[in-house]
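Chemist: Take this structure, written in structure tokens, and hold onto it; I'll ask about it next.
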Amino acid sequence: MDFTTQNCTDLFAALAARMAAERDALCALDGLIGDADHGIAMAQGMSAAALAVENLATLQDQFNAAAKAFLNAVGASSGPLYATALMRAAKAAGPRAAMPRAETPSLITAMAEGIAHRGKAAPGQKTMIDAWHPASEAAKSGASWPEILQAAQTGADATAQMQASLGRAATLGARSLGHKDPGAVSASMIIAEFARALG
Amino acid sequence: MAPTQKLINDGNHTVDEMLAGVLAAHPNHLALAAPRAVIAKSGPRPGKVALIIGGGSGHEPTFLGFVGKGLADGCAVGNVFASPPPQPVVDAALATHGGAGVLLMYGNYAGDVMNFDMAAELLQMDNVEARTVLTTDDIASSPNPAKRRGVAGNVFIFKAAGAAADLMLPLDEVERIARHANARTYTMGVALSACSLPQTRRLNFDLPAGEMEIGMGIHGEPGIRRGPLKPADAVVDEMMDAILAEMAAPAGASVAVLVNSLGSTPLMELYILYARVAERLKLAGLGIHSSLVGPYCTSMEMAGASITVMHLDDELAKMLDHPCDCAMFRVG
């Protein structure tokens, strides 16, 4: 069964609902090592994206519309990062109304590459890349959706043992140890919704 | 914990409701070019470099209060503590540029850099030359000057660049003066209590009663040192020791001073701080050319203050003295 534009609309509705539900928890996590607004940005961005993807003809149009809506609703650092990720997903999905489910892990790889490009981050710096990169590597190796999700969650959990060297938490040095990176945690939640919708 | 008390209507609409009030209160100074893109009513003109500033909301009068003749031509207004997206930056620049290029200035934060860089790319596609100068005056935020955050010193740095642009200097010169101003501006802050985002109304960090945090950022980013609250003079001494060491100005040099409230700290306390700042500068043999005391770069209801010292030369003194007429800031 293919991944259709209707499935894509449902996926963004699920992403918006998940980020709204996790908003305060993500803000609290961000308050430990950042400025406590990450949950707000993710909830606002996904809510705007969910509205933007309705009634569009192709998956490419939907991911591009989601990118633009997310960026303009949020700004912040998650805005450019997820906008670039979603534009890369649009390119991977292409101008078609549906794509075979077997191809959908390529969306994760495309998104991870977009985030790495825009944020100029490498794994190990305690950022969302620490969830996106292992998920992308799993997707490239032909892993199943549960395995991709497992890779993302393991990566997000591992950020607790990392010292931040990029982003706002970088000024903390060793004080960032012991706390998971909120961007990596929300990334694993996003990948969980992709896995639920596409697996 | 009980939600913090704020005079708001809806935590999700605070920025747009604030903007509506700002535009209603200052119709002679400010207009909206596009959503979240505030521009100066007078100032922008043909042949003049446009200075576009911006950043997250919650720091008022930074940034939009510094839009006006002689200072910034436009401002992109972000959500609370979040960089604006690229579009309002582009909209403000296109609405105000005079064919002589655009200078984008904002505090050095990862999100702002990504959004303003995307805006600069979009402006280049419209054949508008856009350059960027980041402000990095917060000496507590990193030992490496290039990695520091921009905080209250923005007002001096933007002021110098805005004056240069108002004097019709070319983009190269406006950029040079902006970089020079930034390199000679040093800020350190101290926080006494947290602030809360209007959407959550929960305090964004935990500072126990009786404690202060030296070097805390204007979004509550952790600082250098936490310890018991000390008398004002001792707090000033700790901050001025760091600023004077970093600035390394020779005796006889002249400075501009800003003693800034982070939000809820009143003028009474700011002037108590200022008295000790002035003593320390005198002891160091430095002359005070001009002073600002008040809320210039806030962190909503955070209690605390920051001290900024700008090491002047004749050029920077001239730029600070140049008249400007903004909704929330006036010189001359």
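Here, A, B, ... name the chains of the structure tokens in the order displayed, residue numbers run from 1 inside each chain, and ligands are numbered from 1 in the same displayed order.
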Using only C-alpha atoms, which residues of chain B come within 7 Å of chain A, and what is the closest atom pair for each, with the distance in Å to one decimal? Give it as CSV, sorted by chain and residue number.

Modeler:
```
residue,atom,partner,partner_atom,distance
B:Gly78,CA,A:Gly75,CA,6.9
B:Ala82,CA,A:Ala76,CA,4.5
B:Ser83,CA,A:Ala76,CA,4.2
B:Pro84,CA,A:Gly75,CA,4.7
B:Pro85,CA,A:Gly75,CA,3.8
B:Ala110,CA,A:Gly167,CA,5.7
B:Gly111,CA,A:Ser77,CA,3.6
B:Asp112,CA,A:Ala76,CA,6.6
B:Met114,CA,A:Pro80,CA,6.4
B:Asn115,CA,A:Pro80,CA,6.3
B:Ser141,CA,A:Thr171,CA,6.2
B:Ser142,CA,A:Thr171,CA,6.4
B:Asn204,CA,A:Gly31,CA,5.5
B:Phe205,CA,A:Gly31,CA,5.9
B:His219,CA,A:Asp35,CA,5.5
B:Gly220,CA,A:Asp35,CA,6.0
B:Glu221,CA,A:Gly34,CA,5.9
B:Pro222,CA,A:Leu172,CA,6.7
```

Chemist: Which residues come within 12 Å of Ala67 in chain A, counting only C-alpha atoms, excluding same-chain residues fewer than 3 positions away, as a PyMOL selection string?

Modeler: (chain A and resi 12+45-53+60-64+70-75+78-91+111+114) or (chain B and resi 85)

Chemist: What's around Met300 in chain B at 9 Å? Count only C-alpha atoms, leave out sequence neighbours fewer than 6 positions away in its own chain, and write the answer as a JSON list (two decimals) with N, CA and C atoms, in the first residue's frame.

Modeler:
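This is the output file out_8.json:
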```json
[["chain", "number", "residue", "atom", "x", "y", "z"],
["B", 58, "GLY", "N", 10.43, 40.04, 23.82],
["B", 58, "GLY", "CA", 10.63, 39.81, 25.25],
["B", 58, "GLY", "C", 11.79, 40.61, 25.80],
["B", 59, "HIS", "N", 12.48, 41.38, 24.91],
["B", 59, "HIS", "CA", 13.63, 42.18, 25.34],
["B", 59, "HIS", "C", 13.36, 43.68, 25.23],
["B", 60, "GLU", "N", 12.11, 44.08, 25.05],
["B", 60, "GLU", "CA", 11.78, 45.46, 24.75],
["B", 60, "GLU", "C", 12.38, 46.41, 25.80],
["B", 195, "CYS", "N", 12.57, 34.55, 34.67],
["B", 195, "CYS", "CA", 11.41, 35.07, 33.95],
["B", 195, "CYS", "C", 10.60, 33.87, 33.46],
["B", 196, "SER", "N", 9.42, 34.15, 32.90],
["B", 196, "SER", "CA", 8.58, 33.05, 32.44],
["B", 196, "SER", "C", 8.02, 33.38, 31.06],
["B", 197, "LEU", "N", 7.94, 32.37, 30.22],
["B", 197, "LEU", "CA", 7.37, 32.56, 28.88],
["B", 197, "LEU", "C", 5.86, 32.69, 29.00],
["B", 262, "LEU", "N", 17.18, 44.18, 33.73],
["B", 262, "LEU", "CA", 16.73, 43.00, 33.00],
["B", 262, "LEU", "C", 15.21, 42.89, 33.00],
["B", 263, "GLY", "N", 14.51, 43.78, 33.67],
["B", 263, "GLY", "CA", 13.05, 43.77, 33.63],
["B", 263, "GLY", "C", 12.46, 44.34, 34.88],
["B", 264, "SER", "N", 12.55, 43.62, 35.99],
["B", 264, "SER", "CA", 11.85, 44.08, 37.18],
["B", 264, "SER", "C", 12.73, 44.83, 38.17]]
```

Chemist: Which residues of range 244-325 of chain B sit at most 12 Å from range 51-56 of chain B, using only C-alpha atoms? Give each one's shortest atom pair and distance in Å (one decimal place), in chain and ascending residue order, as a Markdown table.

Modeler:
```
| residue | atom | partner | partner_atom | distance |
| --- | --- | --- | --- | --- |
| B:Cys297 | CA | B:Gly56 | CA | 11.5 |
| B:Thr298 | CA | B:Gly56 | CA | 11.4 |
| B:Ser299 | CA | B:Gly56 | CA | 10.5 |
| B:Met300 | CA | B:Gly56 | CA | 11.6 |
```

Chemist: Looking at B:Ala242, B:Met188, B:Val22, B:Ala181, which one is nearest to Arg36 in chain B, with distances taken over only C-alpha atoms?

Modeler: B:Val22

Chemist: I'd like the interatomic distance between CA of Ala135 in chain A and CA of Ala69 in chain A, to a tenth of an Å.

Modeler: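 Distance reported for this atom pair: 24.7 Å.
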